[in-house]
Every structure is written in C-alpha cells, then in structure tokens.
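Visitor: Have a look at this one.
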Amino acid sequence: QVQLVESGGGSVQAGGSMRLSCAASEYTYSRTCLGWFRQAPGKEREGVASIYSVDHTTAYADSVKGRFTISRDTSKNTVYLQMNNLEPEDTAMYYCAARPNPPYTGTWYCRLDSAYDYWGQGTQVTVSS
C-alpha cells in the first residue's frame, strides 16, 4: 500500500510560480508511473504531467507544456511539479498519483488516469488575475 501526501499548494497571482511536492511512503519499485492530475470545479479530472521511472521520460498536457516540469527525487521518495508562469486557468485541486509495476511499459500508459492505483488527498492551487 503506497500512501501519497501532497503539499505546496496555495494562492498566487498570474505569472507567478509554485512547486508542489508529493511524498510517498515507498518508491521501491523498479518500474513506476508517477503523475500529477488536476480537477477544477465543474470539470473532469485531467492529466497534467507524468513520469516513467525506468527511463525518466516525461509527458505533459498541451496546456502546461513549457510552463510545468515534473521531476522525482528517489532519495526522498518525492515527486515534484514545478509550475511557472501560472495562469488563472490553472486554478484547481491538484492530485499526485502512483502506479507501481504498471502492466505496460512507457510513458503512454503513465498518461492515463486509469493507470493509477494510488492517489493523494489533493492540494489546492488558486491563481488570481
């Protein structure tokens, strides 16, 4: 059982930056999908960024490419989401997710909402104009 705890959310003005952290109880698996998702009020949950542990390849939603960066620190069992040049449209609850030993290899699978077994409780990000 993997437990995930997000932190780093809050309020920021448009154009600002924020870094979210997700601490995991264990990241000992050789193959793991790690992802960040978000859900705004009245909207469906959407994938923001993901990383595949084997080759560290990453994938991003078109709306955040060039502004957000996902990274992982294995020594701290933590995955990060660095968010720059934030926009009011980025306002949402952000969730991290993990899938140890995914049944398929590659980042294409890690992009899928349905790939993930474990989810954090979420952290709110609010961007004001």
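Chain labels follow the order of the structure tokens: the first chain is A, the next B, and so on; residue numbering restarts at 1 in every chain, and ligands are counted from 1 in their shown order.
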Could you pull the residues within 9 Å of Ser53 of chain A, counting only C-alpha atoms, minus those fewer than 4 positions along the same chain, as a PyMOL selection string?

Guide: chain A and resi 29-34+57+72

Visitor: Put those residues in a file: all heavy atoms, as a PDB file, in the first residue's frame.

Guide:
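So the final result, stored in again.pdb, reads:
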```pdb
ATOM      1  N   TYR A  29       9.838   0.383  -6.083  1.00  0.00           N
ATOM      2  CA  TYR A  29       9.614  -0.439  -7.250  1.00  0.00           C
ATOM      3  C   TYR A  29      10.502   0.015  -8.396  1.00  0.00           C
ATOM      4  O   TYR A  29      10.719   1.197  -8.610  1.00  0.00           O
ATOM      5  CB  TYR A  29       8.137  -0.350  -7.663  1.00  0.00           C
ATOM      6  CG  TYR A  29       7.203  -0.743  -6.544  1.00  0.00           C
ATOM      7  CD1 TYR A  29       6.655   0.213  -5.703  1.00  0.00           C
ATOM      8  CD2 TYR A  29       6.875  -2.083  -6.327  1.00  0.00           C
ATOM      9  CE1 TYR A  29       5.815  -0.148  -4.673  1.00  0.00           C
ATOM     10  CE2 TYR A  29       6.024  -2.441  -5.303  1.00  0.00           C
ATOM     11  CZ  TYR A  29       5.499  -1.465  -4.487  1.00  0.00           C
ATOM     12  OH  TYR A  29       4.667  -1.817  -3.470  1.00  0.00           O
ATOM     13  N   SER A  30      10.997  -0.929  -9.163  1.00  0.00           N
ATOM     14  CA  SER A  30      11.881  -0.592 -10.270  1.00  0.00           C
ATOM     15  C   SER A  30      11.112   0.071 -11.404  1.00  0.00           C
ATOM     16  O   SER A  30      11.666   0.858 -12.156  1.00  0.00           O
ATOM     17  CB  SER A  30      12.589  -1.841 -10.783  1.00  0.00           C
ATOM     18  OG  SER A  30      11.634  -2.795 -11.233  1.00  0.00           O
ATOM     19  N   ARG A  31       9.844  -0.253 -11.537  1.00  0.00           N
ATOM     20  CA  ARG A  31       9.008   0.369 -12.570  1.00  0.00           C
ATOM     21  C   ARG A  31       7.810   1.013 -11.911  1.00  0.00           C
ATOM     22  O   ARG A  31       7.048   0.365 -11.203  1.00  0.00           O
ATOM     23  CB  ARG A  31       8.527  -0.655 -13.582  1.00  0.00           C
ATOM     24  CG  ARG A  31       9.599  -1.289 -14.431  1.00  0.00           C
ATOM     25  CD  ARG A  31       9.002  -2.113 -15.574  1.00  0.00           C
ATOM     26  NE  ARG A  31       8.050  -3.091 -15.091  1.00  0.00           N
ATOM     27  CZ  ARG A  31       6.754  -3.093 -15.418  1.00  0.00           C
ATOM     28  NH1 ARG A  31       6.255  -2.159 -16.187  1.00  0.00           N
ATOM     29  NH2 ARG A  31       5.956  -4.028 -14.953  1.00  0.00           N
ATOM     30  N   THR A  32       7.688   2.305 -12.125  1.00  0.00           N
ATOM     31  CA  THR A  32       6.574   3.040 -11.523  1.00  0.00           C
ATOM     32  C   THR A  32       6.140   4.173 -12.438  1.00  0.00           C
ATOM     33  O   THR A  32       6.982   4.846 -13.034  1.00  0.00           O
ATOM     34  CB  THR A  32       6.982   3.656 -10.166  1.00  0.00           C
ATOM     35  OG1 THR A  32       7.433   2.612  -9.289  1.00  0.00           O
ATOM     36  CG2 THR A  32       5.803   4.364  -9.502  1.00  0.00           C
ATOM     37  N   CYS A  33       4.847   4.352 -12.565  1.00  0.00           N
ATOM     38  CA  CYS A  33       4.291   5.563 -13.169  1.00  0.00           C
ATOM     39  C   CYS A  33       3.992   6.545 -12.042  1.00  0.00           C
ATOM     40  O   CYS A  33       3.398   6.165 -11.025  1.00  0.00           O
ATOM     41  CB  CYS A  33       2.989   5.273 -13.911  1.00  0.00           C
ATOM     42  SG  CYS A  33       3.154   4.445 -15.476  1.00  0.00           S
ATOM     43  N   LEU A  34       4.376   7.791 -12.233  1.00  0.00           N
ATOM     44  CA  LEU A  34       4.062   8.853 -11.283  1.00  0.00           C
ATOM     45  C   LEU A  34       3.421   9.993 -12.056  1.00  0.00           C
ATOM     46  O   LEU A  34       3.926  10.362 -13.121  1.00  0.00           O
ATOM     47  CB  LEU A  34       5.325   9.338 -10.582  1.00  0.00           C
ATOM     48  CG  LEU A  34       6.057   8.294  -9.747  1.00  0.00           C
ATOM     49  CD1 LEU A  34       7.460   8.768  -9.410  1.00  0.00           C
ATOM     50  CD2 LEU A  34       5.275   7.984  -8.487  1.00  0.00           C
ATOM     51  N   THR A  57      11.377   9.318 -18.663  1.00  0.00           N
ATOM     52  CA  THR A  57      10.707  10.119 -19.687  1.00  0.00           C
ATOM     53  C   THR A  57       9.454  10.753 -19.103  1.00  0.00           C
ATOM     54  O   THR A  57       8.804  10.188 -18.214  1.00  0.00           O
ATOM     55  CB  THR A  57      10.335   9.266 -20.902  1.00  0.00           C
ATOM     56  OG1 THR A  57       9.581   8.126 -20.460  1.00  0.00           O
ATOM     57  CG2 THR A  57      11.574   8.799 -21.629  1.00  0.00           C
ATOM     58  N   ARG A  72      11.539  13.903 -10.063  1.00  0.00           N
ATOM     59  CA  ARG A  72      11.464  12.915  -8.988  1.00  0.00           C
ATOM     60  C   ARG A  72      12.795  12.864  -8.258  1.00  0.00           C
ATOM     61  O   ARG A  72      13.857  12.895  -8.888  1.00  0.00           O
ATOM     62  CB  ARG A  72      11.144  11.549  -9.592  1.00  0.00           C
ATOM     63  CG  ARG A  72      11.081  10.405  -8.618  1.00  0.00           C
ATOM     64  CD  ARG A  72      10.980   9.094  -9.383  1.00  0.00           C
ATOM     65  NE  ARG A  72      10.948   7.950  -8.483  1.00  0.00           N
ATOM     66  CZ  ARG A  72      11.125   6.700  -8.857  1.00  0.00           C
ATOM     67  NH1 ARG A  72      11.349   6.431 -10.128  1.00  0.00           N
ATOM     68  NH2 ARG A  72      11.080   5.722  -7.986  1.00  0.00           N
TER      69      ARG A  72
END
```

Visitor: Counting only C-alpha atoms, which residues of segment 37-86 of chain A sit at most 8 Å from some atom of segment 95-118 of chain A, and what is each one's closest atom pair with its distance in Å to one decimal, listed by chain and rising residue number, as a Markdown table?

Guide:
```
| residue | atom | partner | partner_atom | distance |
| --- | --- | --- | --- | --- |
| A:Phe37 | CA | A:Tyr95 | CA | 5.1 |
| A:Arg38 | CA | A:Tyr95 | CA | 5.9 |
| A:Glu46 | CA | A:Asp113 | CA | 7.6 |
| A:Gly47 | CA | A:Arg111 | CA | 6.7 |
| A:Ala49 | CA | A:Arg111 | CA | 7.3 |
| A:Ser50 | CA | A:Arg111 | CA | 6.0 |
| A:Ile51 | CA | A:Thr107 | CA | 6.7 |
| A:Tyr52 | CA | A:Thr107 | CA | 5.6 |
| A:Thr57 | CA | A:Thr107 | CA | 6.5 |
| A:Thr58 | CA | A:Thr107 | CA | 6.7 |
| A:Ala59 | CA | A:Thr107 | CA | 6.8 |
```

Visitor: Within 8 Å of segment 13-22 of chain A, counting only C-alpha atoms, which residues show up once you throw out same-chain ones fewer than 2 positions away? Write them as a PDB file with N, CA and C atoms, in the first residue's frame, please.

Guide:
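Written out: result_4.pdb:
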```pdb
ATOM      1  N   LEU A   4       0.347   8.615  -0.392  1.00  0.00           N
ATOM      2  CA  LEU A   4       0.850   9.823  -1.037  1.00  0.00           C
ATOM      3  C   LEU A   4       0.308  11.047  -0.325  1.00  0.00           C
ATOM      4  N   VAL A   5       1.188  12.011  -0.053  1.00  0.00           N
ATOM      5  CA  VAL A   5       0.780  13.234   0.634  1.00  0.00           C
ATOM      6  C   VAL A   5       1.315  14.430  -0.144  1.00  0.00           C
ATOM      7  N   GLU A   6       0.399  15.244  -0.672  1.00  0.00           N
ATOM      8  CA  GLU A   6       0.792  16.433  -1.419  1.00  0.00           C
ATOM      9  C   GLU A   6       0.960  17.624  -0.495  1.00  0.00           C
ATOM     10  N   SER A   7       1.787  18.562  -0.933  1.00  0.00           N
ATOM     11  CA  SER A   7       1.949  19.822  -0.210  1.00  0.00           C
ATOM     12  C   SER A   7       2.417  20.877  -1.203  1.00  0.00           C
ATOM     13  N   GLY A   8       2.364  22.126  -0.789  1.00  0.00           N
ATOM     14  CA  GLY A   8       2.891  23.206  -1.612  1.00  0.00           C
ATOM     15  C   GLY A   8       1.854  24.042  -2.315  1.00  0.00           C
ATOM     16  N   GLY A   9       0.599  23.680  -2.176  1.00  0.00           N
ATOM     17  CA  GLY A   9      -0.442  24.471  -2.819  1.00  0.00           C
ATOM     18  C   GLY A   9      -0.661  25.798  -2.110  1.00  0.00           C
ATOM     19  N   SER A  11      -2.162  30.154  -2.885  1.00  0.00           N
ATOM     20  CA  SER A  11      -2.641  31.187  -3.791  1.00  0.00           C
ATOM     21  C   SER A  11      -1.477  31.981  -4.348  1.00  0.00           C
ATOM     22  N   ALA A  24       5.883  10.069  -0.902  1.00  0.00           N
ATOM     23  CA  ALA A  24       5.329   8.719  -0.950  1.00  0.00           C
ATOM     24  C   ALA A  24       5.898   7.871   0.175  1.00  0.00           C
ATOM     25  N   THR A  78      10.025  11.408  -3.283  1.00  0.00           N
ATOM     26  CA  THR A  78       9.184  12.570  -3.545  1.00  0.00           C
ATOM     27  C   THR A  78       9.157  12.886  -5.035  1.00  0.00           C
ATOM     28  N   VAL A  79       7.994  13.254  -5.509  1.00  0.00           N
ATOM     29  CA  VAL A  79       7.841  13.729  -6.878  1.00  0.00           C
ATOM     30  C   VAL A  79       7.368  15.180  -6.803  1.00  0.00           C
ATOM     31  N   TYR A  80       7.866  15.993  -7.710  1.00  0.00           N
ATOM     32  CA  TYR A  80       7.586  17.423  -7.682  1.00  0.00           C
ATOM     33  C   TYR A  80       6.877  17.856  -8.957  1.00  0.00           C
ATOM     34  N   LEU A  81       6.179  18.960  -8.844  1.00  0.00           N
ATOM     35  CA  LEU A  81       5.614  19.631 -10.014  1.00  0.00           C
ATOM     36  C   LEU A  81       5.954  21.107  -9.879  1.00  0.00           C
ATOM     37  N   GLN A  82       6.920  21.540 -10.677  1.00  0.00           N
ATOM     38  CA  GLN A  82       7.286  22.945 -10.707  1.00  0.00           C
ATOM     39  C   GLN A  82       6.387  23.639 -11.713  1.00  0.00           C
ATOM     40  N   MET A  83       5.690  24.670 -11.257  1.00  0.00           N
ATOM     41  CA  MET A  83       4.734  25.374 -12.104  1.00  0.00           C
ATOM     42  C   MET A  83       5.160  26.830 -12.228  1.00  0.00           C
ATOM     43  N   ASN A  84       5.455  27.234 -13.440  1.00  0.00           N
ATOM     44  CA  ASN A  84       5.883  28.608 -13.711  1.00  0.00           C
ATOM     45  C   ASN A  84       4.864  29.307 -14.595  1.00  0.00           C
ATOM     46  N   ASN A  85       4.927  30.617 -14.589  1.00  0.00           N
ATOM     47  CA  ASN A  85       4.034  31.423 -15.423  1.00  0.00           C
ATOM     48  C   ASN A  85       2.577  30.951 -15.275  1.00  0.00           C
ATOM     49  N   LEU A  86       2.145  30.852 -14.042  1.00  0.00           N
ATOM     50  CA  LEU A  86       0.804  30.337 -13.777  1.00  0.00           C
ATOM     51  C   LEU A  86      -0.275  31.248 -14.319  1.00  0.00           C
ATOM     52  N   GLU A  87      -1.359  30.629 -14.729  1.00  0.00           N
ATOM     53  CA  GLU A  87      -2.496  31.324 -15.310  1.00  0.00           C
ATOM     54  C   GLU A  87      -3.741  31.040 -14.472  1.00  0.00           C
ATOM     55  N   PRO A  88      -4.729  31.942 -14.494  1.00  0.00           N
ATOM     56  CA  PRO A  88      -5.965  31.673 -13.741  1.00  0.00           C
ATOM     57  C   PRO A  88      -6.605  30.341 -14.118  1.00  0.00           C
ATOM     58  N   CYS A  96      -1.511  14.021  -6.818  1.00  0.00           N
ATOM     59  CA  CYS A  96      -0.466  13.153  -7.341  1.00  0.00           C
ATOM     60  C   CYS A  96      -0.972  11.706  -7.286  1.00  0.00           C
ATOM     61  N   GLY A 120      -3.160  10.794  -3.887  1.00  0.00           N
ATOM     62  CA  GLY A 120      -3.072  11.640  -2.707  1.00  0.00           C
ATOM     63  C   GLY A 120      -4.396  12.322  -2.433  1.00  0.00           C
ATOM     64  N   VAL A 127      -4.975  30.619  -8.691  1.00  0.00           N
ATOM     65  CA  VAL A 127      -4.226  31.647  -9.399  1.00  0.00           C
ATOM     66  C   VAL A 127      -5.168  32.805  -9.691  1.00  0.00           C
ATOM     67  N   SER A 128      -4.832  33.967  -9.199  1.00  0.00           N
ATOM     68  CA  SER A 128      -5.676  35.142  -9.392  1.00  0.00           C
ATOM     69  C   SER A 128      -5.109  36.018 -10.499  1.00  0.00           C
ATOM     70  N   SER A 129      -6.021  36.690 -11.183  1.00  0.00           N
ATOM     71  CA  SER A 129      -5.596  37.534 -12.305  1.00  0.00           C
ATOM     72  C   SER A 129      -5.264  38.936 -11.844  1.00  0.00           C
TER      73      SER A 129
END
```

Visitor: For Ser63 of chain A, list every protein, DNA or RNA residue within 10 Å, evaluated using only C-alpha atoms, and leave out those in the same chain fewer than 4 positions away; present the list as a ChimeraX atom specification.

Guide: /A:48,67-68,89-90

Visitor: Please write the residues from the selection above to a file, keeping N, CA and C atoms, as a compact mmCIF listing (two decimals), in the first residue's frame.

Guide:
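Now in out-v7.txt:
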```txt
# COMPACT_ATOMS: atom_id res chain seq x y z
N VAL A 48 -1.99 16.24 -15.96
CA VAL A 48 -1.13 17.42 -16.12
C VAL A 48 0.27 17.00 -16.57
N ARG A 67 5.67 25.28 -19.30
CA ARG A 67 5.47 26.02 -18.06
C ARG A 67 5.64 25.13 -16.83
N PHE A 68 5.25 23.87 -16.93
CA PHE A 68 5.32 22.94 -15.80
C PHE A 68 6.42 21.91 -16.04
N GLU A 89 -6.41 29.92 -15.36
CA GLU A 89 -6.97 28.63 -15.80
C GLU A 89 -6.30 27.44 -15.13
N ASP A 90 -5.19 27.65 -14.47
CA ASP A 90 -4.52 26.57 -13.74
C ASP A 90 -5.13 26.33 -12.36
```

Visitor: So how many Å separate atom CA of Gly42 of chain A and atom CA of Thr126 of chain A, to one decimal?

Guide: 15.2 Å

Visitor: How many Å lie between atom CA of His56 of chain A and atom CA of Trp119 of chain A, rounded to one decimal?

Guide: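 Between these atoms lies a distance of 20.1 Å.
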
Visitor: One decimal, in Å: what's the spacing between atom CA of Ser71 of chain A and atom CA of Trp36 of chain A?

Guide: 10.7 Å

Visitor: Return the single residue from A:Thr69, A:Asn77, A:Thr123, A:Gln39 that is closest to Ala92 of chain A, with distances computed using only C-alpha atoms.

Guide: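 Closest to Ala92 of chain A of all the choices is A:Gln39.
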
Visitor: Quick check for you: according to DSSP on this backbone, which residues of chain A are classed as helix (DSSP H, G or I)? Reply as a PDB file with all heavy atoms, in the first residue's frame.

Guide:
```
ATOM      1  N   THR A  74      14.434  10.273  -5.911  1.00  0.00           N
ATOM      2  CA  THR A  74      14.261   8.932  -5.357  1.00  0.00           C
ATOM      3  C   THR A  74      14.785   8.835  -3.935  1.00  0.00           C
ATOM      4  O   THR A  74      14.273   8.060  -3.130  1.00  0.00           O
ATOM      5  CB  THR A  74      14.948   7.887  -6.237  1.00  0.00           C
ATOM      6  OG1 THR A  74      16.326   8.252  -6.396  1.00  0.00           O
ATOM      7  CG2 THR A  74      14.295   7.813  -7.608  1.00  0.00           C
ATOM      8  N   SER A  75      15.807   9.633  -3.600  1.00  0.00           N
ATOM      9  CA  SER A  75      16.366   9.580  -2.244  1.00  0.00           C
ATOM     10  C   SER A  75      15.368  10.077  -1.205  1.00  0.00           C
ATOM     11  O   SER A  75      15.455   9.698  -0.027  1.00  0.00           O
ATOM     12  CB  SER A  75      17.652  10.393  -2.171  1.00  0.00           C
ATOM     13  OG  SER A  75      17.391  11.778  -2.329  1.00  0.00           O
ATOM     14  N   LYS A  76      14.433  10.915  -1.634  1.00  0.00           N
ATOM     15  CA  LYS A  76      13.435  11.454  -0.722  1.00  0.00           C
ATOM     16  C   LYS A  76      12.052  10.869  -0.956  1.00  0.00           C
ATOM     17  O   LYS A  76      11.083  11.278  -0.309  1.00  0.00           O
ATOM     18  CB  LYS A  76      13.371  12.981  -0.857  1.00  0.00           C
ATOM     19  CG  LYS A  76      14.655  13.700  -0.483  1.00  0.00           C
ATOM     20  CD  LYS A  76      14.505  15.205  -0.634  1.00  0.00           C
ATOM     21  CE  LYS A  76      15.781  15.920  -0.227  1.00  0.00           C
ATOM     22  NZ  LYS A  76      15.673  17.399  -0.397  1.00  0.00           N
ATOM     23  N   PRO A  88      -4.729  31.942 -14.494  1.00  0.00           N
ATOM     24  CA  PRO A  88      -5.965  31.673 -13.741  1.00  0.00           C
ATOM     25  C   PRO A  88      -6.605  30.341 -14.118  1.00  0.00           C
ATOM     26  O   PRO A  88      -7.221  29.686 -13.262  1.00  0.00           O
ATOM     27  CB  PRO A  88      -6.863  32.862 -14.121  1.00  0.00           C
ATOM     28  CG  PRO A  88      -5.901  33.962 -14.422  1.00  0.00           C
ATOM     29  CD  PRO A  88      -4.720  33.308 -15.068  1.00  0.00           C
ATOM     30  N   GLU A  89      -6.407  29.916 -15.360  1.00  0.00           N
ATOM     31  CA  GLU A  89      -6.967  28.633 -15.803  1.00  0.00           C
ATOM     32  C   GLU A  89      -6.301  27.438 -15.133  1.00  0.00           C
ATOM     33  O   GLU A  89      -6.785  26.308 -15.250  1.00  0.00           O
ATOM     34  CB  GLU A  89      -6.832  28.496 -17.319  1.00  0.00           C
ATOM     35  CG  GLU A  89      -7.679  29.486 -18.128  1.00  0.00           C
ATOM     36  CD  GLU A  89      -7.129  30.895 -18.111  1.00  0.00           C
ATOM     37  OE1 GLU A  89      -5.921  31.082 -17.849  1.00  0.00           O
ATOM     38  OE2 GLU A  89      -7.923  31.835 -18.363  1.00  0.00           O
ATOM     39  N   ASP A  90      -5.191  27.653 -14.467  1.00  0.00           N
ATOM     40  CA  ASP A  90      -4.519  26.568 -13.743  1.00  0.00           C
ATOM     41  C   ASP A  90      -5.132  26.330 -12.358  1.00  0.00           C
ATOM     42  O   ASP A  90      -4.742  25.385 -11.668  1.00  0.00           O
ATOM     43  CB  ASP A  90      -3.024  26.897 -13.566  1.00  0.00           C
ATOM     44  CG  ASP A  90      -2.288  26.967 -14.884  1.00  0.00           C
ATOM     45  OD1 ASP A  90      -2.529  26.101 -15.751  1.00  0.00           O
ATOM     46  OD2 ASP A  90      -1.469  27.893 -15.048  1.00  0.00           O
ATOM     47  N   THR A 107       5.798   5.838 -21.328  1.00  0.00           N
ATOM     48  CA  THR A 107       5.065   6.998 -20.822  1.00  0.00           C
ATOM     49  C   THR A 107       3.635   7.066 -21.329  1.00  0.00           C
ATOM     50  O   THR A 107       2.790   7.701 -20.705  1.00  0.00           O
ATOM     51  CB  THR A 107       5.787   8.291 -21.204  1.00  0.00           C
ATOM     52  OG1 THR A 107       6.025   8.287 -22.615  1.00  0.00           O
ATOM     53  CG2 THR A 107       7.099   8.410 -20.484  1.00  0.00           C
ATOM     54  N   TRP A 108       3.356   6.421 -22.449  1.00  0.00           N
ATOM     55  CA  TRP A 108       1.991   6.491 -22.972  1.00  0.00           C
ATOM     56  C   TRP A 108       1.009   5.966 -21.950  1.00  0.00           C
ATOM     57  O   TRP A 108      -0.101   6.514 -21.811  1.00  0.00           O
ATOM     58  CB  TRP A 108       1.870   5.701 -24.282  1.00  0.00           C
ATOM     59  CG  TRP A 108       1.937   4.215 -24.100  1.00  0.00           C
ATOM     60  CD1 TRP A 108       3.039   3.432 -24.161  1.00  0.00           C
ATOM     61  CD2 TRP A 108       0.843   3.322 -23.812  1.00  0.00           C
ATOM     62  NE1 TRP A 108       2.707   2.122 -23.924  1.00  0.00           N
ATOM     63  CE2 TRP A 108       1.366   2.020 -23.711  1.00  0.00           C
ATOM     64  CE3 TRP A 108      -0.530   3.517 -23.631  1.00  0.00           C
ATOM     65  CZ2 TRP A 108       0.571   0.914 -23.440  1.00  0.00           C
ATOM     66  CZ3 TRP A 108      -1.332   2.407 -23.354  1.00  0.00           C
ATOM     67  CH2 TRP A 108      -0.780   1.127 -23.264  1.00  0.00           C
ATOM     68  N   TYR A 109       1.378   4.950 -21.227  1.00  0.00           N
ATOM     69  CA  TYR A 109       0.493   4.368 -20.227  1.00  0.00           C
ATOM     70  C   TYR A 109       0.408   5.264 -19.006  1.00  0.00           C
ATOM     71  O   TYR A 109      -0.656   5.419 -18.396  1.00  0.00           O
ATOM     72  CB  TYR A 109       0.977   2.972 -19.840  1.00  0.00           C
ATOM     73  CG  TYR A 109       0.033   2.269 -18.898  1.00  0.00           C
ATOM     74  CD1 TYR A 109      -1.201   1.791 -19.338  1.00  0.00           C
ATOM     75  CD2 TYR A 109       0.369   2.080 -17.552  1.00  0.00           C
ATOM     76  CE1 TYR A 109      -2.071   1.161 -18.474  1.00  0.00           C
ATOM     77  CE2 TYR A 109      -0.495   1.449 -16.686  1.00  0.00           C
ATOM     78  CZ  TYR A 109      -1.712   0.985 -17.149  1.00  0.00           C
ATOM     79  OH  TYR A 109      -2.576   0.353 -16.294  1.00  0.00           O
ATOM     80  N   CYS A 110       1.526   5.882 -18.651  1.00  0.00           N
ATOM     81  CA  CYS A 110       1.552   6.724 -17.457  1.00  0.00           C
ATOM     82  C   CYS A 110       0.697   7.988 -17.622  1.00  0.00           C
ATOM     83  O   CYS A 110       0.404   8.668 -16.635  1.00  0.00           O
ATOM     84  CB  CYS A 110       2.978   7.136 -17.115  1.00  0.00           C
ATOM     85  SG  CYS A 110       4.071   5.752 -16.707  1.00  0.00           S
ATOM     86  N   ASP A 113      -5.359   8.372 -16.809  1.00  0.00           N
ATOM     87  CA  ASP A 113      -5.972   8.463 -15.484  1.00  0.00           C
ATOM     88  C   ASP A 113      -6.218   7.061 -14.923  1.00  0.00           C
ATOM     89  O   ASP A 113      -5.978   6.790 -13.747  1.00  0.00           O
ATOM     90  CB  ASP A 113      -7.286   9.234 -15.630  1.00  0.00           C
ATOM     91  CG  ASP A 113      -7.992   9.459 -14.309  1.00  0.00           C
ATOM     92  OD1 ASP A 113      -8.413   8.458 -13.692  1.00  0.00           O
ATOM     93  OD2 ASP A 113      -8.146  10.622 -13.915  1.00  0.00           O
ATOM     94  N   SER A 114      -6.633   6.166 -15.780  1.00  0.00           N
ATOM     95  CA  SER A 114      -6.990   4.809 -15.348  1.00  0.00           C
ATOM     96  C   SER A 114      -5.788   3.956 -14.973  1.00  0.00           C
ATOM     97  O   SER A 114      -5.951   2.860 -14.433  1.00  0.00           O
ATOM     98  CB  SER A 114      -7.770   4.103 -16.458  1.00  0.00           C
ATOM     99  OG  SER A 114      -7.002   4.058 -17.645  1.00  0.00           O
ATOM    100  N   ALA A 115      -4.579   4.449 -15.240  1.00  0.00           N
ATOM    101  CA  ALA A 115      -3.387   3.648 -14.935  1.00  0.00           C
ATOM    102  C   ALA A 115      -3.089   3.585 -13.447  1.00  0.00           C
ATOM    103  O   ALA A 115      -2.411   2.678 -12.978  1.00  0.00           O
ATOM    104  CB  ALA A 115      -2.174   4.219 -15.663  1.00  0.00           C
TER     105      ALA A 115
END
```

Visitor: My list of candidates is A:Glu26, A:Tyr94, A:Arg45, A:Gly35. Which is closest to Ile70 of chain A when distances are computed with only C-alpha atoms?

Guide: A:Gly35
